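Participant: One structure coming up, written as structure tokens, with questions to follow.
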Amino acid sequence: IKPTAVVIGQPSMVSDDDSKEGLHLCASQIGRVIYSCTFRGSGGHAAFALAGPNPEYPAAAFVAAVGHYSMSISGDKAVIRADGTKESVGPGVISSWAKVDVDVRYNDPKVIGQILTTLHQLAEEAQVKFAGAKSKVESEEMTDDLYPPFDYSGDSLCQLAEEVLNSLWNDSPVVAKRSEIGTDGSFYAAEGIPVIICGPGWQRLSHSPNEHLGFDDVERFVPAYIKLAINYLAKA
């Protein structure tokens, strides 16, 4: 069964301050790519740290370099963030490897190639500076997007959703925006299926320790989803 349209219930409620609430209707989404880089060293007892390269040094240098690089890129083009992990060892032991994952969220597909090239160069520079030829850097460029970008802001589904939500949501006008969060809508959009993203819950709580959905918020969206489905099927 192939759907003719998809609604992703990603939390879309926003608040500018304590007195003003709003709702984001998203019919377009940024893309996301993960660049993974593993630095390898000797590993062993910390008392003999000079006997071989410590992979945590180039990994830390790479994370810092990615931070500087991310600040040089306009937020309209891409948002870059790096996370580091290492081999799980006890105190007084040097890890034999350290890994850095760089999360790249981008708006313009034309820039992703240059970003991946720059990240690879930064990783190589960090490895040479801190570990020399004795260390090895393994880079894996995830060229297959985790969440490919899409844009259905001009589709009739988006226009209908704006009408329905504005008829039920009186806090502030609902206007289609771009989602800065990756969703499974990408997989439907890749098949040519129109997608919108709108659901109960506060965006600021997503992936936070206090993430939750309020019963009142869920109940508020029930008539919106029902009315959208009825109106969409009537026009179809």
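Within each chain, counting starts at residue 1; across the structure tokens, chains are named A, B, ... in the order shown, with ligands numbered 1 upward in that order.
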Write down as a ChimeraX atom specification the residues of stretch 53-125 of chain A whose backbone DSSP state falls under helix (DSSP H, G or I).

Facilitator: /A:56-72,109-125

Participant: Of the candidates A:Cys37, A:Leu160, A:Ala229, A:Ala60, which shows the shortest atom-to-atom distance to A:Gln121, using only C-alpha atoms?

Facilitator: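 Of the candidates, the smallest distance to A:Gln121 is held by A:Cys37.
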
Participant: Could you list, as a PyMOL selection string, every residue within 9 Å of A:Val7, counting only C-alpha atoms and ignoring same-chain residues fewer than 6 positions away?

Facilitator: chain A and resi 185+194-199+225

Participant: What does the distance between atom CA of A:Tyr147 and atom CA of A:His212 come to in Å, to one decimal place?

Facilitator: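 Pair atom CA of A:Tyr147 / atom CA of A:His212 returns 23.6 Å.
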
Participant: Nearest residue to A:His120 out of A:Ser36, A:Asn107, A:Ser72, A:Thr183, using only C-alpha atoms?

Facilitator: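 Between A:Ser36, A:Asn107, A:Ser72, A:Thr183, the residue approaching A:His120 most closely is A:Ser36.
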
Participant: Any chance you could list, as number ranges by chain, the residues in stretch 53-201 of chain A that come up strand (DSSP E or B) when DSSP is run on the backbone?

Facilitator: A: 78-86, 93-94, 97-106, 136-141, 147, 150-151, 176-179, 195-201

Participant: Would you write out those residues with N, CA and C atoms, as a short mmCIF file (atom, residue, chain, number, x, y, z; two decimals), in the first residue's frame?

Facilitator:
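Result file is out.cif:
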```cif
data_model
loop_
_atom_site.label_atom_id
_atom_site.label_comp_id
_atom_site.auth_asym_id
_atom_site.auth_seq_id
_atom_site.Cartn_x
_atom_site.Cartn_y
_atom_site.Cartn_z
N ALA A 78 24.62 25.55 6.51
CA ALA A 78 24.82 24.28 7.21
C ALA A 78 25.04 24.53 8.70
N VAL A 79 24.73 23.52 9.51
CA VAL A 79 25.00 23.52 10.94
C VAL A 79 25.81 22.27 11.22
N ILE A 80 26.99 22.43 11.85
CA ILE A 80 27.90 21.32 12.06
C ILE A 80 28.18 21.15 13.55
N ARG A 81 28.14 19.90 14.03
CA ARG A 81 28.40 19.60 15.43
C ARG A 81 29.20 18.30 15.53
N ALA A 82 30.18 18.27 16.43
CA ALA A 82 31.04 17.09 16.57
C ALA A 82 30.90 16.46 17.95
N ASP A 83 30.89 15.13 18.00
CA ASP A 83 30.86 14.37 19.24
C ASP A 83 32.01 13.38 19.24
N GLY A 84 32.70 13.24 20.36
CA GLY A 84 33.83 12.33 20.44
C GLY A 84 33.59 11.17 21.40
N THR A 85 34.08 9.99 21.06
CA THR A 85 34.03 8.82 21.93
C THR A 85 35.40 8.15 21.89
N LYS A 86 35.67 7.27 22.85
CA LYS A 86 36.95 6.57 22.87
C LYS A 86 36.77 5.16 23.40
N VAL A 93 45.12 4.17 31.86
CA VAL A 93 45.31 3.40 30.63
C VAL A 93 45.03 4.30 29.43
N ILE A 94 45.90 4.24 28.43
CA ILE A 94 45.73 5.03 27.22
C ILE A 94 44.88 4.23 26.22
N TRP A 97 42.13 3.75 20.53
CA TRP A 97 41.42 4.46 19.47
C TRP A 97 40.49 5.52 20.06
N ALA A 98 40.19 6.50 19.25
CA ALA A 98 39.23 7.56 19.60
C ALA A 98 38.46 7.91 18.34
N LYS A 99 37.16 8.02 18.47
CA LYS A 99 36.30 8.26 17.31
C LYS A 99 35.56 9.58 17.44
N VAL A 100 35.41 10.27 16.32
CA VAL A 100 34.65 11.53 16.29
C VAL A 100 33.58 11.41 15.22
N ASP A 101 32.33 11.69 15.59
CA ASP A 101 31.22 11.75 14.64
C ASP A 101 30.83 13.20 14.45
N VAL A 102 30.79 13.64 13.23
CA VAL A 102 30.42 15.01 12.91
C VAL A 102 29.05 15.01 12.25
N ASP A 103 28.10 15.67 12.90
CA ASP A 103 26.72 15.76 12.42
C ASP A 103 26.60 17.02 11.57
N VAL A 104 26.29 16.85 10.29
CA VAL A 104 26.18 17.98 9.37
C VAL A 104 24.73 18.12 8.92
N ARG A 105 24.10 19.22 9.27
CA ARG A 105 22.75 19.54 8.79
C ARG A 105 22.90 20.65 7.75
N TYR A 106 22.39 20.41 6.55
CA TYR A 106 22.63 21.37 5.48
C TYR A 106 21.34 21.72 4.74
N LYS A 136 47.28 6.34 12.78
CA LYS A 136 46.51 6.14 11.57
C LYS A 136 45.12 6.73 11.75
N VAL A 137 44.67 7.48 10.75
CA VAL A 137 43.33 8.04 10.80
C VAL A 137 42.49 7.34 9.74
N GLU A 138 41.34 6.89 10.16
CA GLU A 138 40.42 6.22 9.24
C GLU A 138 39.19 7.09 9.10
N SER A 139 38.91 7.53 7.89
CA SER A 139 37.79 8.42 7.66
C SER A 139 36.71 7.71 6.85
N GLU A 140 35.49 7.89 7.29
CA GLU A 140 34.36 7.31 6.58
C GLU A 140 33.36 8.41 6.30
N GLU A 141 33.17 8.73 5.05
CA GLU A 141 32.25 9.78 4.67
C GLU A 141 30.90 9.17 4.32
N TYR A 147 18.86 11.68 6.35
CA TYR A 147 17.57 12.31 6.09
C TYR A 147 17.74 13.26 4.91
N PHE A 150 13.93 17.72 1.55
CA PHE A 150 12.80 17.75 0.63
C PHE A 150 12.04 19.06 0.81
N ASP A 151 11.19 19.38 -0.14
CA ASP A 151 10.42 20.62 -0.09
C ASP A 151 9.08 20.42 -0.78
N ALA A 176 3.72 27.83 6.88
CA ALA A 176 4.66 26.75 6.58
C ALA A 176 6.10 27.24 6.72
N LYS A 177 6.91 26.44 7.41
CA LYS A 177 8.32 26.74 7.61
C LYS A 177 9.14 25.52 7.23
N ARG A 178 10.47 25.64 7.34
CA ARG A 178 11.36 24.52 7.08
C ARG A 178 11.71 23.84 8.40
N SER A 179 11.69 22.51 8.41
CA SER A 179 12.06 21.76 9.60
C SER A 179 13.57 21.67 9.71
N VAL A 195 4.69 15.39 1.90
CA VAL A 195 4.88 15.24 3.35
C VAL A 195 4.73 16.59 4.04
N ILE A 196 4.07 16.58 5.18
CA ILE A 196 4.09 17.73 6.08
C ILE A 196 4.48 17.21 7.47
N ILE A 197 5.05 18.11 8.28
CA ILE A 197 5.49 17.76 9.62
C ILE A 197 4.79 18.68 10.61
N CYS A 198 3.97 18.10 11.46
CA CYS A 198 3.25 18.92 12.44
C CYS A 198 2.64 17.99 13.49
N GLY A 199 2.93 18.26 14.76
CA GLY A 199 2.40 17.39 15.78
C GLY A 199 2.45 18.00 17.17
N PRO A 200 1.83 17.36 18.14
CA PRO A 200 1.79 17.87 19.51
C PRO A 200 3.14 17.74 20.19
N GLY A 201 3.37 18.60 21.16
CA GLY A 201 4.62 18.55 21.91
C GLY A 201 5.49 19.76 21.61
#
```

Participant: Please provide the set of residues having any atom within 12 Å of A:Asn166, restricted to only C-alpha atoms, with same-chain residues fewer than 3 positions apart removed, written as a PyMOL selection string.

Facilitator: chain A and resi 22-25+159-163+169-176+224+227-228

Participant: If we count only C-alpha atoms and set the cut-off at 7 Å, which residues sit around A:Gly43, ignoring sequence neighbours fewer than 5 positions away in its own chain? Please answer as a PyMOL selection string.

Facilitator: chain A and resi 54+94-96

Participant: Would you save the residues of that selection, restricted to all heavy atoms, as a PDB file, in the first residue's frame?

Facilitator:
```pdb
ATOM      1  N   ASN A  54      49.012   8.878  21.423  1.00  0.00           N
ATOM      2  CA  ASN A  54      47.741   8.836  22.138  1.00  0.00           C
ATOM      3  C   ASN A  54      46.659   9.338  21.178  1.00  0.00           C
ATOM      4  O   ASN A  54      46.656  10.512  20.811  1.00  0.00           O
ATOM      5  CB  ASN A  54      47.811   9.720  23.382  1.00  0.00           C
ATOM      6  CG  ASN A  54      46.544   9.647  24.221  1.00  0.00           C
ATOM      7  OD1 ASN A  54      45.480   9.289  23.720  1.00  0.00           O
ATOM      8  ND2 ASN A  54      46.651  10.012  25.484  1.00  0.00           N
ATOM      9  N   ILE A  94      45.905   4.238  28.434  1.00  0.00           N
ATOM     10  CA  ILE A  94      45.728   5.027  27.219  1.00  0.00           C
ATOM     11  C   ILE A  94      44.884   4.229  26.225  1.00  0.00           C
ATOM     12  O   ILE A  94      45.137   3.048  25.991  1.00  0.00           O
ATOM     13  CB  ILE A  94      47.085   5.370  26.590  1.00  0.00           C
ATOM     14  CG1 ILE A  94      47.909   6.209  27.564  1.00  0.00           C
ATOM     15  CG2 ILE A  94      46.899   6.123  25.278  1.00  0.00           C
ATOM     16  CD1 ILE A  94      49.315   6.484  27.078  1.00  0.00           C
ATOM     17  N   SER A  95      43.892   4.870  25.647  1.00  0.00           N
ATOM     18  CA  SER A  95      43.031   4.210  24.671  1.00  0.00           C
ATOM     19  C   SER A  95      43.809   3.902  23.397  1.00  0.00           C
ATOM     20  O   SER A  95      44.747   4.617  23.036  1.00  0.00           O
ATOM     21  CB  SER A  95      41.831   5.107  24.329  1.00  0.00           C
ATOM     22  OG  SER A  95      41.091   5.436  25.482  1.00  0.00           O
ATOM     23  N   SER A  96      43.391   2.859  22.720  1.00  0.00           N
ATOM     24  CA  SER A  96      44.022   2.532  21.442  1.00  0.00           C
ATOM     25  C   SER A  96      43.301   3.178  20.271  1.00  0.00           C
ATOM     26  O   SER A  96      43.809   3.180  19.150  1.00  0.00           O
ATOM     27  CB  SER A  96      44.055   1.006  21.240  1.00  0.00           C
ATOM     28  OG  SER A  96      42.737   0.481  21.196  1.00  0.00           O
TER      29      SER A  96
END
```

Participant: Which residue, A:Lys110, A:Lys77, A:His68, A:Arg32, has the smallest gap to A:Leu122 when you use only C-alpha atoms?

Facilitator: A:His68

Participant: Determine the nearest neighbour of A:Pro109 from the options A:Val33, A:Ala65, A:Asn231, A:Ser208, counting only C-alpha atoms.

Facilitator: A:Val33
